[in-house]
$ cat structure14.cif   # mmCIF, C-alpha atoms and all ligand atoms
data_start
#
loop_
_atom_site.label_atom_id
_atom_site.label_comp_id
_atom_site.auth_asym_id
_atom_site.auth_seq_id
_atom_site.Cartn_x
_atom_site.Cartn_y
_atom_site.Cartn_z
CA MET W 1 30.64 209.31 62.87
CA LYS W 2 31.79 210.38 59.46
CA ILE W 3 28.66 211.36 57.54
CA ALA W 4 28.14 212.31 53.89
CA ILE W 5 25.05 214.34 53.11
CA ALA W 6 24.20 213.93 49.42
CA GLY W 7 22.18 216.98 48.41
CA ALA W 8 22.64 220.55 49.63
CA GLY W 9 18.98 221.52 49.23
CA ILE W 10 16.81 222.78 52.09
CA ALA W 11 16.57 219.39 53.87
CA GLY W 12 20.28 218.56 53.54
CA ALA W 13 21.38 222.07 54.57
CA TYR W 14 19.02 222.13 57.59
CA LEU W 15 20.21 218.67 58.68
CA TYR W 16 23.81 219.88 58.43
CA ARG W 17 23.07 222.82 60.75
CA LEU W 18 21.20 220.61 63.24
CA LEU W 19 24.06 218.10 63.37
CA GLN W 20 26.65 220.87 63.65
CA ASN W 21 24.81 222.26 66.66
CA GLU W 22 23.92 218.97 68.34
CA SER W 23 26.63 216.38 67.54
CA ARG W 24 30.35 215.93 67.06
CA ASP W 25 30.04 214.14 63.73
CA GLU W 26 32.35 214.91 60.87
CA ILE W 27 30.07 215.98 58.04
CA GLN W 28 30.79 216.44 54.36
CA ILE W 29 28.24 217.53 51.78
CA TYR W 30 27.97 216.62 48.10
CA ASP W 31 25.92 218.26 45.37
CA HIS W 32 25.96 219.12 41.68
CA GLN W 33 27.00 222.60 40.51
CA HIS W 34 23.82 224.40 39.48
CA THR W 35 23.74 226.62 36.43
CA THR W 36 20.74 228.64 37.69
CA LYS W 37 21.31 232.35 38.45
CA CYS W 38 20.40 231.89 42.12
CA GLY W 39 22.81 228.93 42.43
CA ILE W 40 20.23 226.40 43.67
CA SER W 41 17.44 224.28 42.21
CA PRO W 42 14.53 224.32 42.77
CA CYS W 43 14.50 227.89 44.09
CA ALA W 44 10.85 227.77 45.37
CA TRP W 45 9.61 230.62 47.55
CA GLY W 46 6.82 229.79 49.94
CA ALA W 47 7.00 228.51 53.49
CA THR W 48 4.01 227.13 55.31
CA ALA W 49 3.34 227.16 59.07
CA GLY W 50 6.18 225.92 61.29
CA PHE W 51 8.95 227.69 59.36
CA ASN W 52 9.77 230.19 62.13
CA GLU W 53 10.04 227.52 64.84
CA LEU W 54 12.34 225.39 62.68
CA LEU W 55 14.70 228.31 62.10
CA LYS W 56 14.66 229.32 65.76
CA GLN W 57 15.72 225.78 66.67
CA VAL W 58 19.01 226.39 64.85
CA ASP W 59 19.37 229.91 66.31
CA MET W 60 18.47 231.68 63.08
CA GLU W 61 16.21 234.70 62.83
CA PRO W 62 13.28 234.00 60.41
CA GLU W 63 12.78 237.71 59.60
CA ASN W 64 16.24 237.79 57.99
CA TYR W 65 14.88 235.52 55.25
CA ILE W 66 11.17 236.37 55.01
CA LEU W 67 10.37 238.56 52.00
CA GLN W 68 6.59 238.96 52.27
CA HIS W 69 3.86 237.92 54.69
CA LEU W 70 0.81 236.88 52.64
CA ASP W 71 -2.61 237.20 54.26
CA HIS W 72 -4.69 236.14 51.27
CA VAL W 73 -4.49 234.46 47.92
CA ILE W 74 -6.98 234.58 45.06
CA ILE W 75 -7.68 231.03 43.83
CA ASP W 76 -9.56 231.11 40.51
CA GLY W 77 -11.24 234.37 41.51
CA THR W 78 -12.08 233.43 45.12
CA GLU W 79 -10.22 235.10 47.96
CA ILE W 80 -8.84 232.66 50.55
CA LYS W 81 -7.28 233.83 53.82
CA VAL W 82 -3.74 232.52 54.34
CA ASP W 83 -0.88 232.99 56.76
CA ILE W 84 2.15 232.02 54.70
CA VAL W 85 5.39 233.74 53.81
CA THR W 86 7.65 234.03 50.81
CA PHE W 87 11.31 233.80 51.73
CA ASN W 88 14.77 233.98 50.25
CA LYS W 89 15.63 230.29 49.92
CA PRO W 90 19.07 230.72 48.27
CA ARG W 91 20.19 232.97 51.14
CA LEU W 92 18.80 230.62 53.80
CA ILE W 93 20.54 227.57 52.32
CA SER W 94 23.79 229.49 52.01
CA ASP W 95 23.60 230.58 55.69
CA LEU W 96 22.64 227.09 56.91
CA LEU W 97 25.75 225.78 55.13
CA LYS W 98 28.13 228.39 56.56
CA GLY W 99 31.40 226.65 57.41
CA ALA W 100 30.38 223.40 55.67
CA ALA W 101 32.67 221.36 53.43
CA VAL W 102 30.67 221.11 50.19
CA TYR W 103 32.08 218.99 47.36
CA TYR W 104 30.97 219.03 43.74
CA THR W 105 32.57 215.68 42.95
CA THR W 106 31.35 212.08 42.93
CA LEU W 107 30.60 210.80 46.41
CA ASN W 108 32.73 207.79 47.37
CA THR W 109 30.31 206.14 49.80
CA THR W 110 32.94 203.71 51.14
CA LYS W 111 34.70 206.59 52.97
CA TYR W 112 31.69 207.18 55.27
CA ASP W 113 29.92 205.52 58.22
CA ARG W 114 26.60 206.80 56.94
CA VAL W 115 25.23 208.44 53.81
CA ILE W 116 22.20 210.74 53.94
CA ASP W 117 20.10 210.74 50.79
CA ALA W 118 18.85 214.33 50.60
CA THR W 119 18.84 214.36 46.81
CA GLY W 120 15.18 215.34 46.37
CA THR W 121 13.36 213.84 43.39
CA SER W 122 16.61 212.15 42.26
CA ARG W 123 16.60 209.80 45.30
CA ALA W 124 20.07 208.89 44.11
CA TYR W 125 21.07 206.47 46.91
CA LEU W 126 17.87 204.80 48.13
CA PRO W 127 16.14 202.18 45.96
CA PRO W 128 13.77 203.57 43.29
CA ILE W 129 10.10 204.07 44.19
CA GLU W 130 7.55 201.93 42.38
CA ASN W 131 4.71 204.00 40.87
CA ASP W 132 6.39 207.28 41.74
CA LEU W 133 4.14 210.30 41.14
CA VAL W 134 6.09 213.33 40.01
CA LEU W 135 4.87 216.55 38.49
CA LEU W 136 6.81 218.82 36.18
CA CYS W 137 7.14 222.52 37.10
CA ALA W 138 8.60 225.68 35.63
CA GLN W 139 9.02 228.98 37.38
CA SER W 140 10.50 232.40 36.92
CA ARG W 141 11.36 235.40 39.03
CA VAL W 142 10.14 238.57 37.37
CA ARG W 143 10.18 242.32 37.92
CA SER W 144 7.12 244.37 37.15
CA ASP W 145 6.16 247.97 37.83
CA LYS W 146 2.49 246.98 37.55
CA PRO W 147 1.14 244.84 40.41
CA LEU W 148 0.79 241.23 39.23
CA GLY W 149 -1.31 240.12 42.19
CA ASN W 150 -1.22 237.24 44.52
CA ARG W 151 -2.99 234.37 42.85
CA VAL W 152 -3.41 230.77 41.85
CA SER W 153 -5.10 229.26 38.81
CA LEU W 154 -5.99 225.58 39.13
CA GLY W 155 -5.17 222.98 36.48
CA TYR W 156 -5.31 219.21 36.25
CA ILE W 157 -3.52 217.98 39.43
CA GLY W 158 -1.44 221.11 39.41
CA TYR W 159 -1.73 224.86 39.32
CA ALA W 160 -0.18 228.12 38.23
CA TRP W 161 0.87 230.62 40.86
CA CYS W 162 1.99 234.23 41.14
CA PHE W 163 3.29 235.39 44.51
CA PRO W 164 4.94 238.65 45.51
CA LEU W 165 8.52 238.76 46.77
CA SER W 166 8.57 242.56 47.08
CA ASP W 167 6.64 245.54 45.71
CA ASN W 168 7.91 244.88 42.20
CA ALA W 169 9.25 241.29 42.24
CA TYR W 170 7.22 238.10 41.84
CA HIS W 171 7.57 234.36 41.57
CA VAL W 172 5.43 233.06 38.74
CA GLY W 173 5.27 229.36 38.00
CA TYR W 174 3.19 226.34 37.14
CA GLY W 175 3.22 222.58 37.43
CA SER W 176 1.02 219.60 36.60
CA ILE W 177 1.26 215.85 36.24
CA ASN W 178 -0.32 216.20 32.85
CA GLU W 179 1.33 217.55 29.71
CA SER W 180 -1.70 219.34 28.25
CA SER W 181 -2.48 220.97 31.57
CA PHE W 182 1.19 221.96 31.96
CA HIS W 183 1.03 223.80 28.64
CA ALA W 184 -2.35 225.38 29.38
CA LEU W 185 -1.03 226.68 32.72
CA SER W 186 2.11 228.01 31.02
CA GLU W 187 -0.14 230.11 28.75
CA ILE W 188 -1.90 231.54 31.82
CA CYS W 189 1.47 232.50 33.30
CA LYS W 190 2.52 234.14 30.03
CA ILE W 191 -0.56 236.39 30.26
CA TRP W 192 0.15 237.23 33.91
CA LYS W 193 3.77 238.16 33.12
CA ARG W 194 3.27 239.90 29.81
CA ASP W 195 4.38 243.35 31.05
CA SER W 196 7.19 242.11 33.26
CA HIS W 197 10.92 241.52 32.91
CA THR W 198 12.20 237.98 33.62
CA VAL W 199 15.18 237.94 36.00
CA CYS W 200 15.72 234.18 36.02
CA ALA W 201 13.86 230.96 35.26
CA CYS W 202 14.24 227.26 35.91
CA GLU W 203 12.42 223.95 35.69
CA GLY W 204 11.97 221.35 38.38
CA LYS W 205 9.97 218.37 39.53
CA ILE W 206 7.86 217.75 42.61
CA ARG W 207 7.37 214.28 44.05
CA ILE W 208 3.75 214.05 45.27
CA THR W 209 3.96 210.30 45.94
CA CYS W 210 3.85 210.82 49.77
CA PRO W 211 6.13 209.06 52.32
CA HIS W 212 3.83 206.04 52.74
CA HIS W 213 4.52 205.08 49.12
CA SER W 214 8.21 206.10 49.24
CA THR W 215 9.65 203.47 51.57
CA PRO W 216 12.24 202.35 52.50
CA PHE W 217 13.65 205.44 54.23
CA VAL W 218 16.70 203.53 55.44
CA ASP W 219 18.68 200.96 53.43
CA ASN W 220 22.23 199.75 52.80
CA ILE W 221 24.43 200.38 49.80
CA THR W 222 26.66 197.40 49.15
CA ILE W 223 29.74 198.40 47.24
CA GLN W 224 33.23 196.88 46.92
CA GLY W 225 32.32 194.13 49.39
CA GLY W 226 31.37 196.67 52.11
CA SER W 227 28.01 197.99 53.18
CA VAL W 228 27.12 201.58 54.08
CA PRO W 229 23.79 202.58 55.66
CA VAL W 230 21.78 205.21 53.76
CA TRP W 231 19.10 207.30 55.50
CA GLY W 232 16.75 209.42 53.44
CA ILE W 233 15.23 212.81 54.29
CA GLY W 234 13.07 215.41 52.56
CA GLU W 235 11.65 214.92 49.12
CA ALA W 236 13.87 211.85 48.57
CA ILE W 237 11.46 210.03 50.92
CA GLY W 238 8.34 211.81 49.68
CA CYS W 239 7.92 214.47 52.40
CA VAL W 240 5.74 216.74 50.23
CA GLY W 241 2.00 217.46 50.41
CA SER W 242 0.32 215.86 47.38
CA LEU W 243 -2.29 218.61 46.88
CA ALA W 244 -0.24 221.81 47.26
CA GLY W 245 3.26 220.40 46.55
CA ASP W 246 4.62 221.95 49.78
CA GLY W 247 7.91 220.28 50.67
CA ILE W 248 10.06 222.91 52.39
CA VAL W 249 8.78 222.79 55.96
CA PRO W 250 8.15 218.99 55.75
CA GLY W 251 11.72 218.45 54.47
CA MET W 252 13.14 220.42 57.40
CA LYS W 253 10.91 218.51 59.84
CA SER W 254 12.14 215.19 58.46
CA ALA W 255 15.73 216.28 59.20
CA GLN W 256 14.68 217.02 62.79
CA LEU W 257 13.15 213.53 63.10
CA LEU W 258 16.31 211.93 61.74
CA VAL W 259 18.38 213.66 64.41
CA GLN W 260 15.93 212.52 67.12
CA HIS W 261 15.99 208.87 65.98
CA ARG W 262 19.44 208.75 64.45
CA ASP W 263 20.30 205.34 65.92
CA ASP W 264 17.02 203.57 65.33
CA PRO W 265 15.89 203.05 61.70
CA GLU W 266 12.55 201.59 62.77
CA LYS W 267 11.70 204.49 65.06
CA TYR W 268 12.79 206.94 62.38
CA THR W 269 10.56 205.25 59.78
CA HIS W 270 7.66 205.16 62.20
CA SER W 271 8.10 208.82 63.17
CA ILE W 272 8.07 209.95 59.51
CA LEU W 273 4.94 207.93 58.75
CA HIS W 274 3.29 209.29 61.88
CA GLU W 275 4.26 212.96 61.38
CA PHE W 276 3.18 212.93 57.75
CA LYS W 277 0.12 210.73 57.91
CA TRP W 278 -1.88 213.69 56.56
CA MET W 279 0.10 213.31 53.32
CA LYS W 280 -1.25 209.78 52.90
CA ASN W 281 -4.80 211.18 53.05
CA GLU W 282 -3.95 213.87 50.50
CA ARG W 283 -2.46 211.25 48.19
CA ARG W 284 -5.70 209.28 48.41
CA VAL W 285 -7.62 212.37 47.27
CA VAL W 286 -5.20 212.94 44.39
CA ASP W 287 -5.59 209.30 43.30
CA LYS W 288 -9.36 209.68 43.36
CA ILE W 289 -9.20 212.80 41.17
CA HIS W 290 -6.74 211.04 38.87
CA ARG W 291 -9.13 208.11 38.47
CA GLY W 292 -11.71 210.64 37.23
CA GLU W 293 -13.95 210.29 40.32
CA LYS W 294 -15.69 213.37 41.71
CA PRO W 295 -14.26 214.56 45.04
CA GLY W 296 -16.84 214.69 47.85
CA PHE W 297 -17.16 216.42 51.22
CA GLY W 298 -14.96 213.76 52.89
CA ASP W 299 -12.13 214.70 50.52
CA ALA W 300 -12.80 218.40 51.06
CA TRP W 301 -12.55 217.77 54.81
CA VAL W 302 -9.07 216.26 54.33
CA PHE W 303 -7.95 219.27 52.31
CA LYS W 304 -9.55 221.82 54.64
CA ASN W 305 -7.80 220.35 57.70
CA ASN W 306 -4.44 219.98 56.00
CA ALA W 307 -4.68 223.46 54.52
CA ARG W 308 -5.33 224.89 58.00
CA ARG W 309 -2.23 223.11 59.31
CA ALA W 310 -0.24 224.69 56.49
CA GLY W 311 -1.59 228.21 57.20
CA MET W 312 -4.57 228.42 54.81
CA LYS W 313 -8.00 229.23 56.28
CA ILE W 314 -10.42 227.63 53.89
CA GLY W 315 -14.08 226.63 54.31
CA LEU W 316 -15.46 223.21 53.40
CA LYS W 317 -17.28 224.45 50.29
CA GLN W 318 -14.22 226.38 49.13
CA ALA W 319 -12.07 223.28 49.71
CA LEU W 320 -14.46 221.21 47.60
CA SER W 321 -14.38 223.78 44.83
CA VAL W 322 -10.53 223.73 44.85
CA LEU W 323 -10.55 219.92 44.58
CA LYS W 324 -13.01 220.09 41.70
CA GLY W 325 -10.66 222.62 40.06
CA LEU W 326 -7.80 220.13 40.36
CA GLY W 327 -9.86 217.64 38.36
CA LYS W 328 -10.46 220.19 35.63
CA SER W 329 -10.03 218.53 32.28
CA MET W 330 -7.43 220.30 30.17
CA ASN W 331 -7.24 217.42 27.72
CA LYS W 332 -5.49 214.89 29.95
CA LYS W 333 -4.17 212.74 27.13
CA THR W 334 -0.57 212.56 28.20
CA THR W 335 0.50 212.01 31.77
CA TYR W 336 4.09 212.38 32.93
C1 LIG O 1 9.16 224.91 40.88
C2 LIG O 1 8.97 224.46 42.28
C3 LIG O 1 8.37 225.31 43.21
C4 LIG O 1 8.15 224.86 44.52
N1 LIG O 1 7.59 225.73 45.39
C5 LIG O 1 7.44 225.34 46.68
C6 LIG O 1 6.95 226.25 47.64
O1 LIG O 1 6.66 227.37 47.33
N2 LIG O 1 6.80 225.82 48.93
C7 LIG O 1 7.13 224.56 49.31
O2 LIG O 1 6.98 224.22 50.51
N3 LIG O 1 7.64 223.68 48.42
C8 LIG O 1 7.82 224.06 47.13
N4 LIG O 1 8.35 223.18 46.23
C9 LIG O 1 8.78 221.86 46.71
C10 LIG O 1 10.07 222.06 47.48
O3 LIG O 1 10.91 222.92 46.77
C11 LIG O 1 10.78 220.72 47.67
O4 LIG O 1 9.88 219.77 48.20
C12 LIG O 1 11.93 220.90 48.66
O5 LIG O 1 12.87 221.79 48.11
C13 LIG O 1 12.59 219.55 48.91
O6 LIG O 1 13.78 219.74 49.62
P1 LIG O 1 14.94 218.67 49.56
O7 LIG O 1 16.10 219.28 50.24
O8 LIG O 1 14.43 217.36 50.02
O9 LIG O 1 15.25 218.48 48.00
P2 LIG O 1 15.82 219.60 46.97
O10 LIG O 1 15.50 220.97 47.43
O11 LIG O 1 15.33 219.17 45.63
O12 LIG O 1 17.38 219.39 47.07
C14 LIG O 1 18.01 218.24 46.57
C15 LIG O 1 19.45 218.57 46.30
O13 LIG O 1 20.11 217.36 45.94
C16 LIG O 1 20.97 217.60 44.85
N5 LIG O 1 21.22 216.35 44.16
C17 LIG O 1 20.42 215.68 43.29
N6 LIG O 1 21.01 214.53 42.91
C18 LIG O 1 22.20 214.46 43.56
C19 LIG O 1 23.26 213.51 43.59
N7 LIG O 1 23.24 212.39 42.88
N8 LIG O 1 24.33 213.77 44.39
C20 LIG O 1 24.38 214.90 45.14
N9 LIG O 1 23.40 215.84 45.14
C21 LIG O 1 22.34 215.62 44.37
C22 LIG O 1 20.22 218.64 44.03
O14 LIG O 1 21.12 219.32 43.17
C23 LIG O 1 19.64 219.52 45.12
O15 LIG O 1 20.49 220.57 45.48
C24 LIG O 1 8.57 223.58 44.91
C25 LIG O 1 9.20 222.74 43.99
C26 LIG O 1 9.40 223.17 42.68
C27 LIG O 1 10.08 222.26 41.71
#
$ encode --input "structure14.cif" --output "structure tokens"
Amino acid sequence: MKIAIAGAGIAGAYLYRLLQNESRDEIQIYDHQHTTKCGISPCAWGATAGFNELLKQVDMEPENYILQHLDHVIIDGTEIKVDIVTFNKPRLISDLLKGAAVYYTTLNTTKYDRVIDATGTSRAYLPPIENDLVLLCAQSRVRSDKPLGNRVSLGYIGYAWCFPLSDNAYHVGYGSINESSFHALSEICKIWKRDSHTVCACEGKIRITCPHHSTPFVDNITIQGGSVPVWGIGEAIGCVGSLAGDGIVPGMKSAQLLVQHRDDPEKYTHSILHEFKWMKNERRVVDKIHRGEKPGFGDAWVFKNNARRAGMKIGLKQALSVLKGLGKSMNKKTTY
């Protein structure tokens, strides 16, 4: 098969490496030239549980990319035990794409047997999602001689974060679906970073819609009288947790599922919905908070279980307090 992968982000790059190792397809990759210092967008930083296994599957050594192992995070003053890592995403993507033909031109879909939509929030080739739920984010990499900590401050369906990349480098960022909250969180980050030096900064979006509201995952593009099948992976098909906005490991997993079910659109769709059914539950909790309803223990249970799967050891009461924090009113007049 001649395959075009649109989008050289984490999901597209990981799919390329899987296909290189496991098939004889001819693969070409398309993306936009990024003007960010690190050369990609979004840069992101944190990988949840499952990252090591995914890299080992493509014969890559996780420790070559891991920057810091985090064993705790302070969420609004409360210490939560975690087992997550920060990693060098630009380097990982560059290594996954070693030997790949990457084009920064317009993709002519008629030249291919299949197009993969790995274009993240753009979802440039699959049909648009009705009632898409996307939050706006901004982040910067900073250097600081003073320790900035390892922390999260909750906002209205969003949060600000500060995570270490080394002894004197940090990722500091924030995101929310709500404009007032976005600005309030940006002020918190300004305080956190006041004694630091900004190395680079960028903006981005996170789709927290969830896969169950992001169908179809497979469709056809009809162009010049011909029809080309398009298969989506990663954030293009909503593979992101709605509560924490974690899309790196899920995006890589979706690429794995595509390879497993590459000839059967129905099985592929079913496998994505099955693998990420926890995201549907998270989305339900987000909707409840967004409707202004108080989260209860049932919602906390959803978060607690999903957080554990992602590498966060959180109790039921702590989970409930985090959910209440995500409903915090920061003047929710405008919603993106
Ligand atoms: C600020 C920020 C911080 C985040 N932090 C984390 C985190 O710490 N941990 C975590 O798990 N997740 C995090 N996320 C979410 C995570 O980054 C994404 O879910 C994940 O990168 C999705 O991977 P992807 O490959 O599907 O899409 P992307 O990484 O968005 O890649 C899509 C690629 O497609 C390209 N593209 C777009 N349109 C076109 C087009 N028309 N033609 C060709 N190419 C196109 C883009 O340029 C991009 O390179 C963060 C997101 C943001 C915005």
$ residues_around --input "structure14.cif" --residues "Pro164 of chain W" --least-positions-apart "3" --cutoff "10 Å" --atoms "all atoms listed in the file" --output "VMD selection string"
chain W and resid 45 67 to 70 85 to 86 141 to 143 147 to 151 167 to 172
$ residues_around --input "structure14.cif" --residues "Gly9 of chain W" --least-positions-apart "3" --cutoff "9 Å" --atoms "all atoms listed in the file" --output "list in words"
Gly12, Ala13, Tyr14, Asp31, Ile40, Ser41, Pro42, Ile93, Ala118, Thr119 and Gly120 of chain W
$ atom_distance --input "structure14.cif" --atom1 "atom CA of Glu53 of chain W" --atom2 "atom CA of Arg24 of chain W"
23.5 Å
$ residues_near_ligand --input "structure14.cif" --ligand "ligand LIG 1 (chain O)" --cutoff "6 Å" --atoms "only C-alpha atoms and all ligand atoms" --output "PDB file with C-alpha atoms, in the coordinates of the input"
ATOM      1  CA  ALA W   6      24.200 213.930  49.420  1.00  0.00           C
ATOM      2  CA  GLY W   7      22.180 216.980  48.410  1.00  0.00           C
ATOM      3  CA  ALA W   8      22.640 220.550  49.630  1.00  0.00           C
ATOM      4  CA  GLY W   9      18.980 221.520  49.230  1.00  0.00           C
ATOM      5  CA  ILE W  10      16.810 222.780  52.090  1.00  0.00           C
ATOM      6  CA  ALA W  11      16.570 219.390  53.870  1.00  0.00           C
ATOM      7  CA  GLY W  12      20.280 218.560  53.540  1.00  0.00           C
ATOM      8  CA  TYR W  30      27.970 216.620  48.100  1.00  0.00           C
ATOM      9  CA  ASP W  31      25.920 218.260  45.370  1.00  0.00           C
ATOM     10  CA  HIS W  32      25.960 219.120  41.680  1.00  0.00           C
ATOM     11  CA  SER W  41      17.440 224.280  42.210  1.00  0.00           C
ATOM     12  CA  PRO W  42      14.530 224.320  42.770  1.00  0.00           C
ATOM     13  CA  ALA W  44      10.850 227.770  45.370  1.00  0.00           C
ATOM     14  CA  TRP W  45       9.610 230.620  47.550  1.00  0.00           C
ATOM     15  CA  GLY W  46       6.820 229.790  49.940  1.00  0.00           C
ATOM     16  CA  ALA W  47       7.000 228.510  53.490  1.00  0.00           C
ATOM     17  CA  ALA W 118      18.850 214.330  50.600  1.00  0.00           C
ATOM     18  CA  THR W 119      18.840 214.360  46.810  1.00  0.00           C
ATOM     19  CA  GLY W 120      15.180 215.340  46.370  1.00  0.00           C
ATOM     20  CA  SER W 122      16.610 212.150  42.260  1.00  0.00           C
ATOM     21  CA  ALA W 124      20.070 208.890  44.110  1.00  0.00           C
ATOM     22  CA  CYS W 137       7.140 222.520  37.100  1.00  0.00           C
ATOM     23  CA  ALA W 138       8.600 225.680  35.630  1.00  0.00           C
ATOM     24  CA  GLN W 139       9.020 228.980  37.380  1.00  0.00           C
ATOM     25  CA  GLY W 204      11.970 221.350  38.380  1.00  0.00           C
ATOM     26  CA  LYS W 205       9.970 218.370  39.530  1.00  0.00           C
ATOM     27  CA  ILE W 206       7.860 217.750  42.610  1.00  0.00           C
ATOM     28  CA  GLY W 234      13.070 215.410  52.560  1.00  0.00           C
ATOM     29  CA  GLU W 235      11.650 214.920  49.120  1.00  0.00           C
ATOM     30  CA  ALA W 236      13.870 211.850  48.570  1.00  0.00           C
ATOM     31  CA  VAL W 240       5.740 216.740  50.230  1.00  0.00           C
ATOM     32  CA  GLY W 245       3.260 220.400  46.550  1.00  0.00           C
ATOM     33  CA  ASP W 246       4.620 221.950  49.780  1.00  0.00           C
ATOM     34  CA  GLY W 247       7.910 220.280  50.670  1.00  0.00           C
ATOM     35  CA  ILE W 248      10.060 222.910  52.390  1.00  0.00           C
ATOM     36  CA  VAL W 249       8.780 222.790  55.960  1.00  0.00           C
ATOM     37  CA  GLY W 251      11.720 218.450  54.470  1.00  0.00           C
TER      38      GLY W 251
END
$ closest_residue --input "structure14.cif" --among "W:Glu282, W:Ile157, W:Tyr65, W:Lys328" --to "Phe87 of chain W" --atoms "all atoms listed in the file"
W:Tyr65
$ residues_around --input "structure14.cif" --residues "Gly226 of chain W" --least-positions-apart "2" --cutoff "12 Å" --atoms "only C-alpha atoms" --output "PDB file with C-alpha atoms, in the frame of the given file"
ATOM      1  CA  THR W 109      30.310 206.140  49.800  1.00  0.00           C
ATOM      2  CA  THR W 110      32.940 203.710  51.140  1.00  0.00           C
ATOM      3  CA  LYS W 111      34.700 206.590  52.970  1.00  0.00           C
ATOM      4  CA  TYR W 112      31.690 207.180  55.270  1.00  0.00           C
ATOM      5  CA  ASP W 113      29.920 205.520  58.220  1.00  0.00           C
ATOM      6  CA  ASN W 220      22.230 199.750  52.800  1.00  0.00           C
ATOM      7  CA  ILE W 221      24.430 200.380  49.800  1.00  0.00           C
ATOM      8  CA  THR W 222      26.660 197.400  49.150  1.00  0.00           C
ATOM      9  CA  ILE W 223      29.740 198.400  47.240  1.00  0.00           C
ATOM     10  CA  GLN W 224      33.230 196.880  46.920  1.00  0.00           C
ATOM     11  CA  VAL W 228      27.120 201.580  54.080  1.00  0.00           C
ATOM     12  CA  PRO W 229      23.790 202.580  55.660  1.00  0.00           C
TER      13      PRO W 229
END
$ residues_around --input "structure14.cif" --residues "Pro90 of chain W" --least-positions-apart "5" --cutoff "8 Å" --atoms "all atoms listed in the file" --output "list of chain:residue names"
W:Cys38, W:Gly39, W:Ile40, W:Cys43
$ write_last_selection --input "structure14.cif" --atoms "C-alpha atoms" --output "mmCIF file, in the frame of the given file"
data_model
loop_
_atom_site.group_PDB
_atom_site.id
_atom_site.type_symbol
_atom_site.label_atom_id
_atom_site.label_comp_id
_atom_site.auth_asym_id
_atom_site.auth_seq_id
_atom_site.Cartn_x
_atom_site.Cartn_y
_atom_site.Cartn_z
ATOM 1 C CA CYS W 38 20.400 231.890 42.120
ATOM 2 C CA GLY W 39 22.810 228.930 42.430
ATOM 3 C CA ILE W 40 20.230 226.400 43.670
ATOM 4 C CA CYS W 43 14.500 227.890 44.090
#
$ closest_residue --input "structure14.cif" --among "W:Gly225, W:Ser242, W:Asp95, W:Thr78" --to "Ser153 of chain W" --atoms "all atoms listed in the file"
W:Thr78
$ closest_residue --input "structure14.cif" --among "W:Ser254, W:Thr35, W:Gln318, W:Asn88" --to "Ser166 of chain W" --atoms "all atoms listed in the file"
W:Asn88
$ decode --input "structure14.cif" --residues "segment 115-123 of chain W" --atoms "N, CA, C and O atoms" --output "short mmCIF file (atom, residue, chain, number, x, y, z; two decimals), in the first residue's frame"
data_model
loop_
_atom_site.label_atom_id
_atom_site.label_comp_id
_atom_site.auth_asym_id
_atom_site.auth_seq_id
_atom_site.Cartn_x
_atom_site.Cartn_y
_atom_site.Cartn_z
N VAL W 115 -5.14 7.42 3.40
CA VAL W 115 -4.62 8.60 4.10
C VAL W 115 -4.89 8.40 5.59
O VAL W 115 -5.98 7.95 5.98
N ILE W 116 -3.89 8.69 6.41
CA ILE W 116 -4.08 8.63 7.87
C ILE W 116 -4.24 10.06 8.36
O ILE W 116 -3.37 10.90 8.12
N ASP W 117 -5.35 10.33 9.04
CA ASP W 117 -5.53 11.65 9.63
C ASP W 117 -4.95 11.62 11.04
O ASP W 117 -5.57 11.11 11.98
N ALA W 118 -3.73 12.15 11.16
CA ALA W 118 -3.06 12.24 12.47
C ALA W 118 -2.80 13.72 12.74
O ALA W 118 -1.76 14.09 13.27
N THR W 119 -3.78 14.55 12.36
CA THR W 119 -3.55 16.00 12.41
C THR W 119 -4.03 16.64 13.72
O THR W 119 -4.23 17.85 13.79
N GLY W 120 -4.21 15.84 14.75
CA GLY W 120 -4.54 16.39 16.07
C GLY W 120 -5.85 17.16 16.06
O GLY W 120 -6.83 16.75 15.42
N THR W 121 -5.87 18.30 16.76
CA THR W 121 -7.13 19.06 16.87
C THR W 121 -7.61 19.56 15.50
O THR W 121 -8.79 19.86 15.35
N SER W 122 -6.73 19.65 14.51
CA SER W 122 -7.17 20.11 13.17
C SER W 122 -8.15 19.15 12.53
O SER W 122 -9.06 19.55 11.81
N ARG W 123 -7.95 17.84 12.74
CA ARG W 123 -8.79 16.80 12.11
C ARG W 123 -9.05 17.22 10.65
O ARG W 123 -10.20 17.38 10.21
#
